[in-house]
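upload_27.cif follows (mmCIF, C-alpha atoms):
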data_run
loop_
_atom_site.label_atom_id
_atom_site.label_comp_id
_atom_site.auth_asym_id
_atom_site.auth_seq_id
_atom_site.Cartn_x
_atom_site.Cartn_y
_atom_site.Cartn_z
CA MET A 1066 0.00 0.00 0.00
CA GLN A 1067 1.35 3.36 -0.96
CA LEU A 1068 0.72 6.45 1.08
CA ALA A 1069 0.77 9.61 -1.00
CA GLY A 1070 0.19 13.28 -0.37
CA PRO A 1071 1.96 16.63 -0.41
CA ASN A 1072 4.69 17.62 2.04
CA GLY A 1073 3.24 18.21 5.47
CA ALA A 1074 0.13 16.15 4.85
CA GLY A 1075 1.05 13.82 7.70
CA LYS A 1076 2.43 10.74 5.96
CA THR A 1077 5.33 10.30 8.33
CA SER A 1078 3.14 11.03 11.36
CA LEU A 1079 0.70 8.37 10.24
CA LEU A 1080 3.49 5.83 9.75
CA ARG A 1081 4.86 6.60 13.21
CA ILE A 1082 1.43 6.08 14.72
CA ILE A 1083 1.07 2.78 12.87
CA ALA A 1084 4.50 1.68 14.05
CA GLY A 1085 3.45 2.50 17.60
CA PHE A 1086 5.88 5.33 18.35
CA SER A 1087 3.18 7.95 18.71
CA THR A 1088 -0.27 7.46 20.09
CA PRO A 1089 -3.17 8.77 18.01
CA ASP A 1090 -5.46 11.45 19.44
CA GLU A 1091 -8.43 9.41 18.35
CA GLY A 1092 -8.91 5.80 17.35
CA GLN A 1093 -6.49 2.92 17.56
CA VAL A 1094 -4.24 0.77 15.43
CA ILE A 1095 -5.51 -2.76 15.04
CA TRP A 1096 -3.19 -5.59 14.01
CA GLN A 1097 -4.79 -9.01 13.49
CA GLY A 1098 -7.82 -8.10 15.52
CA GLU A 1099 -5.97 -6.65 18.46
CA SER A 1100 -4.99 -3.15 19.41
CA ILE A 1101 -1.21 -2.76 19.16
CA ALA A 1102 -1.16 -0.69 22.33
CA LYS A 1103 -2.34 -3.76 24.23
CA ASN A 1104 0.22 -6.19 22.99
CA TYR A 1105 3.04 -4.18 21.49
CA ASP A 1106 5.73 -6.86 21.80
CA GLU A 1107 3.72 -9.28 19.67
CA PHE A 1108 3.17 -6.59 17.07
CA ALA A 1109 6.83 -5.54 17.13
CA ARG A 1110 7.78 -9.09 16.24
CA GLU A 1111 5.82 -8.79 12.99
CA LEU A 1112 6.95 -5.26 12.19
CA LEU A 1113 9.91 -3.90 10.30
CA PHE A 1114 10.13 -0.12 10.41
CA ILE A 1115 12.62 1.97 8.48
CA GLY A 1116 12.04 5.67 8.88
CA HIS A 1117 13.66 8.86 7.69
CA LYS A 1118 16.19 8.37 10.41
CA THR A 1119 17.37 4.93 9.49
CA GLY A 1120 18.95 3.77 12.73
CA VAL A 1121 22.39 3.36 11.22
CA ASN A 1122 25.27 4.54 13.38
CA GLY A 1123 27.84 6.55 11.44
CA GLN A 1124 30.77 5.56 13.61
CA LEU A 1125 30.26 1.85 13.08
CA SER A 1126 30.95 -0.07 9.90
CA ALA A 1127 28.21 -1.53 7.71
CA ILE A 1128 28.82 -5.01 9.03
CA GLU A 1129 28.76 -3.87 12.66
CA ASN A 1130 25.54 -1.97 12.06
CA VAL A 1131 23.85 -4.97 10.49
CA ARG A 1132 25.08 -7.30 13.19
CA PHE A 1133 23.86 -4.97 15.94
CA TRP A 1134 20.45 -4.75 14.35
CA LEU A 1135 20.22 -8.53 14.06
CA GLN A 1136 21.12 -8.85 17.72
CA ILE A 1137 18.59 -6.34 19.00
CA GLN A 1138 15.89 -8.02 16.94
CA GLY A 1139 16.84 -11.45 18.20
CA TYR A 1140 17.99 -12.90 14.88
CA ASP A 1141 20.87 -15.25 14.39
CA THR A 1142 24.07 -13.33 13.63
CA LYS A 1143 26.03 -16.25 12.26
CA GLN A 1144 24.94 -15.63 8.70
CA ASP A 1145 27.00 -14.87 5.67
CA LEU A 1146 26.58 -11.11 5.81
CA TYR A 1147 29.46 -10.36 3.46
CA SER A 1148 27.81 -11.94 0.42
CA LEU A 1149 24.58 -10.14 1.27
CA LEU A 1150 26.43 -6.83 1.47
CA ALA A 1151 28.01 -7.59 -1.87
CA LYS A 1152 24.59 -8.34 -3.35
CA ILE A 1153 23.31 -4.95 -2.27
CA GLY A 1154 26.28 -3.16 -3.79
CA LEU A 1155 28.53 -2.51 -0.84
CA VAL A 1156 31.40 -4.80 -1.75
CA GLY A 1157 34.69 -3.61 -0.32
CA LEU A 1158 32.95 -1.12 1.98
CA GLU A 1159 31.93 -3.53 4.73
CA ASP A 1160 34.47 -2.37 7.26
CA VAL A 1161 34.68 1.39 6.83
CA PRO A 1162 32.66 3.70 9.11
CA VAL A 1163 29.28 4.28 7.56
CA ARG A 1164 29.54 8.07 7.87
CA THR A 1165 32.25 8.04 5.16
CA LEU A 1166 29.85 6.43 2.68
CA SER A 1167 27.58 8.35 0.33
CA ALA A 1168 23.96 9.03 1.22
CA GLY A 1169 22.75 6.32 -1.14
CA GLN A 1170 25.18 3.79 0.26
CA GLN A 1171 24.13 4.66 3.82
CA ARG A 1172 20.55 4.10 2.81
CA ARG A 1173 21.55 0.70 1.42
CA VAL A 1174 23.12 -0.24 4.75
CA ALA A 1175 19.76 0.43 6.38
CA LEU A 1176 17.83 -1.41 3.69
CA ILE A 1177 19.85 -4.63 4.11
CA ARG A 1178 17.39 -5.37 6.89
CA LEU A 1179 14.78 -6.12 4.24
CA TRP A 1180 16.76 -9.23 3.37
CA LEU A 1181 17.29 -10.24 6.97
CA ASN A 1182 13.89 -10.40 8.58
CA ASN A 1183 10.77 -12.46 8.66
CA ALA A 1184 8.45 -9.66 9.66
CA LYS A 1185 5.06 -9.67 7.96
CA LEU A 1186 4.51 -5.94 7.89
CA TRP A 1187 7.07 -3.56 6.47
CA VAL A 1188 6.57 0.12 7.22
CA LEU A 1189 8.95 2.16 5.08
CA ASP A 1190 9.19 5.93 5.04
CA GLU A 1191 10.63 7.13 1.74
CA PRO A 1192 12.75 4.03 1.14
CA PHE A 1193 13.91 5.22 -2.29
CA THR A 1194 15.49 8.46 -1.09
CA ALA A 1195 19.05 8.84 -2.40
CA LEU A 1196 19.00 5.47 -4.17
CA ASP A 1197 20.03 5.19 -7.83
CA LYS A 1198 17.75 3.69 -10.49
CA ALA A 1199 19.31 0.25 -10.29
CA GLY A 1200 18.94 0.31 -6.52
CA ILE A 1201 15.29 1.27 -6.74
CA ALA A 1202 14.58 -1.52 -9.22
CA PHE A 1203 16.44 -4.01 -7.02
CA LEU A 1204 14.45 -2.90 -3.99
CA GLN A 1205 11.18 -3.31 -5.81
CA GLN A 1206 12.17 -6.86 -6.76
CA ARG A 1207 12.55 -7.52 -3.07
CA PHE A 1208 9.11 -5.99 -2.46
CA LEU A 1209 7.62 -8.41 -4.98
CA SER A 1210 9.15 -11.46 -3.32
CA HIS A 1211 7.98 -10.24 0.10
CA LEU A 1212 4.45 -9.82 -1.21
CA ALA A 1213 4.61 -13.23 -2.85
CA GLN A 1214 5.35 -14.72 0.57
CA GLY A 1215 2.19 -13.14 1.91
CA GLY A 1216 3.75 -10.06 3.47
CA ALA A 1217 2.39 -6.55 3.52
CA ILE A 1218 4.20 -3.31 2.75
CA LEU A 1219 3.16 0.19 3.70
CA LEU A 1220 5.34 2.88 2.22
CA THR A 1221 5.45 6.54 1.42
CA THR A 1222 7.17 7.73 -1.71
CA HIS A 1223 7.07 10.69 -4.01
CA GLN A 1224 8.42 8.66 -6.87
CA ASP A 1225 6.17 6.43 -8.94
CA LEU A 1226 6.76 2.76 -8.47
CA THR A 1227 8.39 1.54 -11.66
CA THR A 1228 7.60 -2.11 -11.15
CA HIS A 1229 4.02 -3.23 -11.62
CA PHE A 1230 2.41 -4.40 -8.40
CA ASN A 1231 -0.88 -6.22 -8.84
CA GLU A 1232 -2.38 -5.35 -5.51
CA LEU A 1233 -1.09 -1.81 -5.18
CA GLN A 1234 -3.42 0.48 -3.31
CA THR A 1235 -2.77 4.17 -2.95
CA VAL A 1236 -4.14 6.27 -0.13
CA THR A 1237 -3.75 10.00 -0.62
CA LEU A 1238 -3.67 12.26 2.37
CA GLU A 1239 -4.77 15.82 1.85
CA TYR A 1240 -2.99 18.78 3.28
CA ARG A 1241 -5.23 20.50 5.79
CA HIS A 1242 -4.47 23.73 7.55
CA MET B 1255 15.43 -16.86 9.55
CA LEU B 1256 15.52 -18.11 13.04
CA ARG B 1257 14.57 -15.91 15.92
CA GLN B 1258 15.92 -16.90 19.24
CA HIS B 1259 15.15 -14.78 22.20
CA SER B 1260 18.08 -14.31 24.44
CA TYR B 1261 17.99 -11.42 26.86
CA TRP B 1262 21.69 -11.81 27.41
CA GLN B 1263 22.36 -11.35 23.68
CA LEU B 1264 20.43 -8.08 23.67
CA PHE B 1265 22.06 -6.79 26.84
CA SER B 1266 25.58 -7.62 25.70
CA ALA B 1267 24.99 -6.27 22.18
CA VAL B 1268 23.80 -2.91 23.49
CA CYS B 1269 26.56 -2.72 26.08
CA LYS B 1270 29.25 -3.75 23.59
CA LYS B 1271 28.16 -1.22 21.00
CA ASP B 1272 28.42 1.68 23.44
CA LEU B 1273 31.80 0.53 24.72
CA GLN B 1274 33.03 0.10 21.15
CA LEU B 1275 31.91 3.61 20.29
CA ALA B 1276 33.53 5.03 23.41
CA PHE B 1277 36.85 3.37 22.69
CA ARG B 1278 36.75 4.73 19.16
CA GLN B 1279 36.31 8.26 20.47
CA ARG B 1280 38.59 8.08 23.46
CA ALA B 1281 37.87 11.68 24.37
CA GLU B 1282 34.60 10.40 25.80
CA ILE B 1283 36.50 8.43 28.42
CA VAL B 1284 39.39 10.82 28.95
CA ASN B 1285 37.51 14.13 29.10
CA PRO B 1286 35.41 13.45 32.22
CA LEU B 1287 38.54 12.21 33.97
CA LEU B 1288 40.50 15.32 33.04
CA PHE B 1289 37.58 17.45 34.16
CA PHE B 1290 37.57 15.61 37.47
CA LEU B 1291 41.30 16.14 37.84
CA ILE B 1292 41.09 19.85 37.06
CA VAL B 1293 38.23 20.48 39.48
CA ILE B 1294 40.18 18.73 42.20
CA THR B 1295 43.37 20.69 41.56
CA LEU B 1296 41.42 23.95 41.60
CA PHE B 1297 40.47 23.54 45.25
CA PRO B 1298 43.97 23.64 46.78
CA LEU B 1299 44.64 26.70 44.62
CA ALA B 1300 41.47 28.43 45.70
CA ILE B 1301 41.30 27.66 49.41
CA GLY B 1302 45.01 27.35 50.13
CA PRO B 1303 47.26 24.33 50.39
CA GLU B 1304 46.94 23.70 54.10
CA PRO B 1305 47.01 19.85 54.44
CA GLY B 1306 44.63 19.61 57.38
CA LEU B 1307 42.00 21.77 55.74
CA LEU B 1308 42.26 19.89 52.45
CA ALA B 1309 41.95 16.50 54.12
CA ARG B 1310 38.87 17.76 55.94
CA MET B 1311 37.24 18.92 52.73
CA ALA B 1312 38.47 16.11 50.47
CA PRO B 1313 35.40 13.81 50.65
CA GLY B 1314 33.10 16.64 49.67
CA ILE B 1315 35.38 17.84 46.91
CA ILE B 1316 35.82 14.36 45.41
CA TRP B 1317 32.14 13.62 45.50
CA VAL B 1318 30.99 16.93 44.04
CA ALA B 1319 33.59 16.55 41.29
CA ALA B 1320 32.36 13.02 40.66
CA LEU B 1321 28.76 14.24 40.34
CA LEU B 1322 29.75 16.91 37.85
CA SER B 1323 31.97 14.70 35.75
CA THR B 1324 29.25 12.03 35.48
CA MET B 1325 26.93 14.72 34.17
CA LEU B 1326 29.32 15.38 31.28
CA GLY B 1327 28.72 12.06 29.58
CA LEU B 1328 25.04 11.80 30.43
CA ASP B 1329 23.83 14.22 27.81
CA LYS B 1330 25.33 12.01 25.12
CA LEU B 1331 23.95 8.80 26.56
CA PHE B 1332 20.87 8.63 24.32
CA ARG B 1333 21.50 11.61 22.04
CA GLU B 1334 23.24 9.74 19.23
CA ASP B 1335 20.72 6.90 19.21
CA PHE B 1336 17.92 9.45 19.18
CA ASN B 1337 19.39 11.43 16.29
CA ASP B 1338 20.21 8.51 14.02
CA GLY B 1339 16.97 6.61 14.65
CA SER B 1340 18.50 3.67 16.55
CA LEU B 1341 16.20 4.43 19.44
CA GLU B 1342 13.17 3.78 17.25
CA GLN B 1343 14.67 0.48 16.18
CA LEU B 1344 15.24 -0.43 19.81
CA ILE B 1345 11.64 0.44 20.69
CA ALA B 1346 10.32 -1.49 17.70
CA SER B 1347 12.24 -4.55 18.81
CA SER B 1348 10.28 -7.28 20.49
CA TYR B 1349 12.60 -7.13 23.46
CA PRO B 1350 11.66 -5.03 26.48
CA LEU B 1351 13.17 -1.57 26.20
CA SER B 1352 14.09 -1.56 29.88
CA LEU B 1353 16.63 -4.30 29.25
CA THR B 1354 18.20 -2.32 26.43
CA VAL B 1355 18.37 0.68 28.70
CA LEU B 1356 20.03 -1.39 31.42
CA GLY B 1357 22.75 -2.32 28.94
CA LYS B 1358 23.31 1.31 28.02
CA VAL B 1359 23.49 2.48 31.62
CA VAL B 1360 25.94 -0.26 32.55
CA ALA B 1361 28.10 0.77 29.59
CA HIS B 1362 27.92 4.38 30.74
CA TRP B 1363 29.07 3.36 34.20
CA ILE B 1364 31.98 1.35 32.78
CA ILE B 1365 33.00 4.36 30.70
CA THR B 1366 32.66 7.09 33.34
CA GLY B 1367 32.35 5.46 36.77
CA VAL B 1368 34.99 2.75 36.71
CA PRO B 1369 37.90 4.97 35.58
CA LEU B 1370 36.91 7.41 38.32
CA VAL B 1371 37.06 4.72 40.98
CA LEU B 1372 40.40 3.50 39.66
CA MET B 1373 41.92 6.97 39.60
CA THR B 1374 40.73 7.95 43.07
CA PRO B 1375 43.94 6.87 44.88
CA LEU B 1376 45.85 9.32 42.70
CA PHE B 1377 43.43 12.16 43.35
CA ALA B 1378 43.44 11.37 47.04
CA LEU B 1379 47.15 12.21 47.10
CA LEU B 1380 46.40 15.68 45.81
CA LEU B 1381 44.01 16.27 48.68
CA ASN B 1382 46.07 14.67 51.43
CA LEU B 1383 43.50 11.99 52.15
CA ASP B 1384 44.71 9.29 54.56
CA ASN B 1385 44.42 5.58 53.80
CA GLN B 1386 41.36 4.97 55.94
CA ALA B 1387 39.41 7.72 54.24
CA LEU B 1388 40.72 6.61 50.87
CA LEU B 1389 39.28 3.14 51.33
CA ALA B 1390 35.94 4.64 52.32
CA THR B 1391 36.02 6.97 49.32
CA VAL B 1392 36.70 4.13 46.91
CA LEU B 1393 33.94 2.02 48.43
CA THR B 1394 31.37 4.81 48.31
CA LEU B 1395 32.33 5.63 44.74
CA LEU B 1396 32.03 1.97 43.81
CA LEU B 1397 28.46 1.87 45.13
CA GLY B 1398 27.60 5.46 44.30
CA THR B 1399 28.76 5.99 40.73
CA PRO B 1400 26.44 3.34 39.21
CA LEU B 1401 23.66 5.00 41.17
CA LEU B 1402 24.58 8.32 39.57
CA SER B 1403 24.44 6.69 36.12
CA PHE B 1404 21.01 5.20 36.75
CA ILE B 1405 19.45 8.36 38.18
CA GLY B 1406 21.08 10.54 35.55
CA ALA B 1407 19.84 8.35 32.72
CA ILE B 1408 16.24 9.13 33.72
CA GLY B 1409 16.96 12.82 33.18
CA ALA B 1410 18.83 12.07 29.96
CA GLY B 1411 15.88 10.06 28.68
CA LEU B 1412 13.42 12.86 29.46
CA THR B 1413 15.48 15.59 27.80
CA VAL B 1414 16.87 13.74 24.78
CA GLY B 1415 14.21 15.13 22.47
CA LEU B 1416 15.04 18.72 23.33
CA GLN B 1417 17.48 20.80 21.31
CA LYS B 1418 19.48 22.01 24.28
CA GLY B 1419 18.52 19.56 26.96
CA GLY B 1420 21.87 19.55 28.74
CA ILE B 1421 21.21 22.29 31.26
CA LEU B 1422 17.64 21.26 31.91
CA MET B 1423 18.91 17.76 32.52
CA SER B 1424 21.40 19.03 35.13
CA LEU B 1425 18.60 20.91 36.87
CA LEU B 1426 16.46 17.78 36.92
CA VAL B 1427 19.15 15.36 37.95
CA LEU B 1428 21.44 17.17 40.39
CA PRO B 1429 18.78 17.53 43.14
CA LEU B 1430 18.15 13.79 42.87
CA TYR B 1431 21.84 13.19 43.54
CA ILE B 1432 21.63 14.83 46.96
CA PRO B 1433 20.78 11.66 48.96
CA VAL B 1434 23.71 9.83 47.36
CA LEU B 1435 26.00 12.74 48.20
CA ILE B 1436 24.82 12.89 51.81
CA PHE B 1437 25.33 9.23 52.59
CA ALA B 1438 28.58 8.93 50.67
CA THR B 1439 30.27 11.89 52.32
CA SER B 1440 28.89 10.90 55.68
CA ALA B 1441 30.49 7.46 55.27
CA ILE B 1442 33.85 9.02 54.47
CA ASP B 1443 33.56 11.47 57.38
CA THR B 1444 32.77 8.60 59.73
CA SER B 1445 35.77 6.68 58.48
CA THR B 1446 38.11 9.57 59.27
CA MET B 1447 36.94 9.30 62.88
CA SER B 1448 37.81 5.57 62.80
CA LEU B 1449 34.18 4.62 63.31
CA ASP B 1450 32.16 1.93 61.57
CA TYR B 1451 30.58 3.26 58.39
CA SER B 1452 28.93 0.07 57.13
CA GLY B 1453 25.51 1.60 57.82
CA GLN B 1454 25.97 4.34 55.24
CA LEU B 1455 27.37 1.83 52.76
CA ALA B 1456 24.35 -0.40 53.32
CA ILE B 1457 22.02 2.49 52.56
CA LEU B 1458 23.95 3.29 49.36
CA GLY B 1459 23.75 -0.40 48.46
CA ALA B 1460 20.02 -0.46 49.07
CA MET B 1461 19.55 2.64 46.92
CA LEU B 1462 21.57 0.97 44.17
CA VAL B 1463 19.40 -2.15 44.28
CA ILE B 1464 16.24 -0.07 44.02
CA ALA B 1465 17.75 1.92 41.16
CA VAL B 1466 18.79 -1.20 39.20
CA ILE B 1467 15.27 -2.57 39.47
CA SER B 1468 13.15 0.52 38.96
CA ALA B 1469 15.25 3.05 37.02
CA PRO B 1470 15.26 1.07 33.71
CA ILE B 1471 11.46 1.12 33.73
CA ALA B 1472 11.41 4.87 34.34
CA ILE B 1473 14.09 5.48 31.71
CA SER B 1474 12.30 3.45 29.06
CA SER B 1475 9.03 5.29 29.62
CA ALA B 1476 10.92 8.58 29.47
CA LEU B 1477 12.47 7.54 26.15
CA LYS B 1478 9.11 6.49 24.71
CA VAL B 1479 7.75 9.92 25.59
CA SER B 1480 10.73 11.60 23.97
CA VAL B 1481 10.43 9.59 20.76
CA SER B 1482 6.69 10.07 20.26
#

Target format C-alpha cells, applied to this file:
Amino acid sequence: MQLAGPNGAGKTSLLRIIAGFSTPDEGQVIWQGESIAKNYDEFARELLFIGHKTGVNGQLSAIENVRFWLQIQGYDTKQDLYSLLAKIGLVGLEDVPVRTLSAGQQRRVALIRLWLNNAKLWVLDEPFTALDKAGIAFLQQRFLSHLAQGGAILLTTHQDLTTHFNELQTVTLEYRH
Amino acid sequence: MLRQHSYWQLFSAVCKKDLQLAFRQRAEIVNPLLFFLIVITLFPLAIGPEPGLLARMAPGIIWVAALLSTMLGLDKLFREDFNDGSLEQLIASSYPLSLTVLGKVVAHWIITGVPLVLMTPLFALLLNLDNQALLATVLTLLLGTPLLSFIGAIGAGLTVGLQKGGILMSLLVLPLYIPVLIFATSAIDTSTMSLDYSGQLAILGAMLVIAVISAPIAISSALKVSVS
C-alpha cells in the first residue's frame, strides 16, 4: 500500500502512529484483531520499520551496524553477511565507518534489513530516497518477493513505483491547515 | 530466519556497541577524567594548600567533582541513538526496552564510573586523604557511581528530544543526587573518625538495588515519551 500526499500532509506522522511510536489522538491501530497498544511486543515481532532516520550509526561499519540490528531483533548473527552486502552493492565497503559512505550507500546499509527479517509488515518511510535507479529496481524486486510470501508493505514515496504491483493500493492524504 | 530470544544477547549487544563507540572516540573516556582532575586541583589553589583543611574537605570535593563529571557524559547517553533513529529500532524490537536501557546504563558506568574509581587513589594524594578515608572513598564511589548513572539516565531520557537539553537535565538530575551525596560523604567522614561506616554503605547499596530494578522502567518510559 502506498501512502501519497503533499509535504506536510502527515504521511510520516501516520506511519509513526502505525509503528506504535506515537499514540493517536483518536482511534487505535488494530493488528490481526488486536490493538497494538495492548500487545506491542507481539506486534513488534511482525513489524519492520525503516524511517527517515534509518537507525544506522555513522561511527560503526556496515557489518557492525547490520550485526547490531540482528542482535537487537533477536535474529541469528552467524549468517553470511558479506555476500549479502556484496549483493546490495557494498562490496569492499563492509568495514569502513558508515559516515564516510555516500547518502545512497548509507541508505543501502539500512535497507539490508529487508533481506534479513521475517516480519510480515514492512513500514517504510521514503525508502527510495538517495537510491540510484538500479537500486530502486532491485528494492522493488525484493518488495515483490515479500508480497509473494504473503507479506504486507506500507510505504510513502514521491516517486512512482516503476515495477508493476498487482495489488497496489494508494491512499492520498490531503494537506489541511 | 531463526529468531531466538536471548535477553543476554540483547544486553551484551547494546553494552558492547556503546563501549566500542567510546573506545573509538577516546575523548569520551578521557575528558570526564581530566575534568575531574582539574576540578580537584582547583580547590587547593582556591582555598590554600593547608594539608589539614584539604583532608577535611576532600570527601566533599571528590564527590561533588564526581557528580559533575558524570553529568558530562550523560547528555550524550541517548543523544546519538535518538538522532540517528536507533532508538526507534530499539523500541520497535520485540525485546523489552528496559533491558536495552540497562545495557546502556551499565556501559555508561563502565565508561565514566569505573575509571573514576580506579583513579581515586591518585586524586586522594592531591588532597592529602589518609588511607582509611581513601578506602571509604573508593567504596562509596564503587556503590555510588552506578547509582549516579542510573538516576542521571532518567533525566537524559526525558530531555533527549530537546534541542538544548543539557542544562535542563542538570537541573532535573542534580537535586536527585543529593541523597547519594549525603550518605557517601557521611560514610567518608565517619571513616576519618575511625568509626564503623557500614551503615551508610548499606544504605547506598540499598539505593543501588532499588535503582537497578526501577530506574530502567522509568528510563524506558521517558524515552518512549521523547520519541513520540

Taking the file as shown, what set of residues would the PyMOL selection byres ((chain A) within 7 of (chain B)) give back, as a PyMOL selection string?
chain A and resi 1086-1087+1106-1107+1109-1110+1118-1122+1133+1136-1141+1182-1183

Okay, now the selection with C-alpha atoms, as a compact mmCIF listing (two decimals), in the coordinates of the input?
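Wrote it out as result-v3.txt, contents follow:
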# COMPACT_ATOMS: atom_id res chain seq x y z
CA PHE A 1086 5.88 5.33 18.35
CA SER A 1087 3.18 7.95 18.71
CA ASP A 1106 5.73 -6.86 21.80
CA GLU A 1107 3.72 -9.28 19.67
CA ALA A 1109 6.83 -5.54 17.13
CA ARG A 1110 7.78 -9.09 16.24
CA LYS A 1118 16.19 8.37 10.41
CA THR A 1119 17.37 4.93 9.49
CA GLY A 1120 18.95 3.77 12.73
CA VAL A 1121 22.39 3.36 11.22
CA ASN A 1122 25.27 4.54 13.38
CA PHE A 1133 23.86 -4.97 15.94
CA GLN A 1136 21.12 -8.85 17.72
CA ILE A 1137 18.59 -6.34 19.00
CA GLN A 1138 15.89 -8.02 16.94
CA GLY A 1139 16.84 -11.45 18.20
CA TYR A 1140 17.99 -12.90 14.88
CA ASP A 1141 20.87 -15.25 14.39
CA ASN A 1182 13.89 -10.40 8.58
CA ASN A 1183 10.77 -12.46 8.66

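Between atom CA of B:Leu1299 and atom CA of B:Leu1376 the interatomic distance comes to 17.5 Å.
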
On this structure, which residues satisfy the PyMOL selection byres ((chain A and resi 1216) around 12), written as an mmCIF file with C-alpha atoms, in the coordinates of the input?
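As written to disk, selection-v8.cif reads:
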data_model
loop_
_atom_site.group_PDB
_atom_site.id
_atom_site.type_symbol
_atom_site.label_atom_id
_atom_site.label_comp_id
_atom_site.auth_asym_id
_atom_site.auth_seq_id
_atom_site.Cartn_x
_atom_site.Cartn_y
_atom_site.Cartn_z
ATOM 1 C CA MET A 1066 0.000 0.000 0.000
ATOM 2 C CA GLU A 1111 5.820 -8.790 12.990
ATOM 3 C CA LEU A 1112 6.950 -5.260 12.190
ATOM 4 C CA LEU A 1113 9.910 -3.900 10.300
ATOM 5 C CA LEU A 1179 14.780 -6.120 4.240
ATOM 6 C CA ASN A 1182 13.890 -10.400 8.580
ATOM 7 C CA ASN A 1183 10.770 -12.460 8.660
ATOM 8 C CA ALA A 1184 8.450 -9.660 9.660
ATOM 9 C CA LYS A 1185 5.060 -9.670 7.960
ATOM 10 C CA LEU A 1186 4.510 -5.940 7.890
ATOM 11 C CA TRP A 1187 7.070 -3.560 6.470
ATOM 12 C CA VAL A 1188 6.570 0.120 7.220
ATOM 13 C CA ARG A 1207 12.550 -7.520 -3.070
ATOM 14 C CA PHE A 1208 9.110 -5.990 -2.460
ATOM 15 C CA LEU A 1209 7.620 -8.410 -4.980
ATOM 16 C CA SER A 1210 9.150 -11.460 -3.320
ATOM 17 C CA HIS A 1211 7.980 -10.240 0.100
ATOM 18 C CA LEU A 1212 4.450 -9.820 -1.210
ATOM 19 C CA ALA A 1213 4.610 -13.230 -2.850
ATOM 20 C CA GLN A 1214 5.350 -14.720 0.570
ATOM 21 C CA GLY A 1215 2.190 -13.140 1.910
ATOM 22 C CA ALA A 1217 2.390 -6.550 3.520
ATOM 23 C CA ILE A 1218 4.200 -3.310 2.750
ATOM 24 C CA LEU A 1219 3.160 0.190 3.700
ATOM 25 C CA GLU A 1232 -2.380 -5.350 -5.510
#

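Look at B:Ala1319: the protein and nucleic acid residues within 10 Å of it, using all atoms listed in the file and passing over chain neighbours fewer than 6 places away, are Pro1286, Leu1287, Phe1289, Phe1290, Leu1291, Ile1292, Val1293, Ile1294, Pro1313 and Met1325 of chain B.
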
Skip A:Pro1192 itself and residues of its chain fewer than 5 positions away, then list as a PyMOL selection string all residues within 10 Å of it, counting only C-alpha atoms.
chain A and resi 1115-1117+1119+1172-1173+1175-1176+1201+1204+1220-1222

Polymer residues at most 9 Å from stretch 1427-1443 of chain B, all atoms listed in the file, same-chain spacing of 6 or more positions, as a PyMOL selection string
chain B and resi 1310+1313-1314+1317-1318+1321-1322+1325+1386-1391+1394-1395+1397-1398+1401-1402+1405-1410+1450-1455+1457-1458+1461

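One distance worth recording is that between atom CA of A:Asp1197 and atom CA of A:Ala1127, which is 18.8 Å.
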
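Taking atom CA of B:Ala1276 and atom CA of A:Ser1126 as endpoints, the distance between them is 14.7 Å.
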
Please enumerate the residues selected by the PyMOL selection byres ((chain A and resi 1070) around 12) when evaluated against the supplied file, formatted as a count of residues only.
23

Around stretch 1450-1459 of chain B, fit a box with edges along x, y and z, padding it by 8 Å on each side, then list its centre and edge lengths in Å to one decimal as AutoDock Vina command-line options.
--center_x 27.1 --center_y 2.0 --center_z 55.0 --size_x 26.1 --size_y 20.7 --size_z 29.1

Check the smallest atom-to-atom distance from each of A:Val1174, A:Leu1226, A:Gly1169, A:Ile1101 to A:Ala1195 using all atoms listed in the file, then report the winner.
A:Gly1169

List every protein, DNA or RNA residue that has an atom no more than 9 Å from (26.9, 3.2, 29.6) in the file's coordinate frame, counting all atoms listed in the file, and report them as a tab-separated table (two decimals) with C-alpha atoms, in the frame of the given file.
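That gives us result21.tsv:
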chain	number	residue	atom	x	y	z
B	1269	CYS	CA	26.56	-2.72	26.08
B	1272	ASP	CA	28.42	1.68	23.44
B	1273	LEU	CA	31.80	0.53	24.72
B	1328	LEU	CA	25.04	11.80	30.43
B	1331	LEU	CA	23.95	8.80	26.56
B	1355	VAL	CA	18.37	0.68	28.70
B	1356	LEU	CA	20.03	-1.39	31.42
B	1357	GLY	CA	22.75	-2.32	28.94
B	1358	LYS	CA	23.31	1.31	28.02
B	1359	VAL	CA	23.49	2.48	31.62
B	1360	VAL	CA	25.94	-0.26	32.55
B	1361	ALA	CA	28.10	0.77	29.59
B	1362	HIS	CA	27.92	4.38	30.74
B	1363	TRP	CA	29.07	3.36	34.20
B	1364	ILE	CA	31.98	1.35	32.78
B	1365	ILE	CA	33.00	4.36	30.70
B	1366	THR	CA	32.66	7.09	33.34
B	1403	SER	CA	24.44	6.69	36.12

Near B:Val1466, counting all atoms listed in the file, which residues have an atom at most 9 Å away, once you skip same-chain residues fewer than 2 positions from it, shown as a PyMOL selection string?
chain B and resi 1356+1400-1401+1404+1461-1464+1468-1470
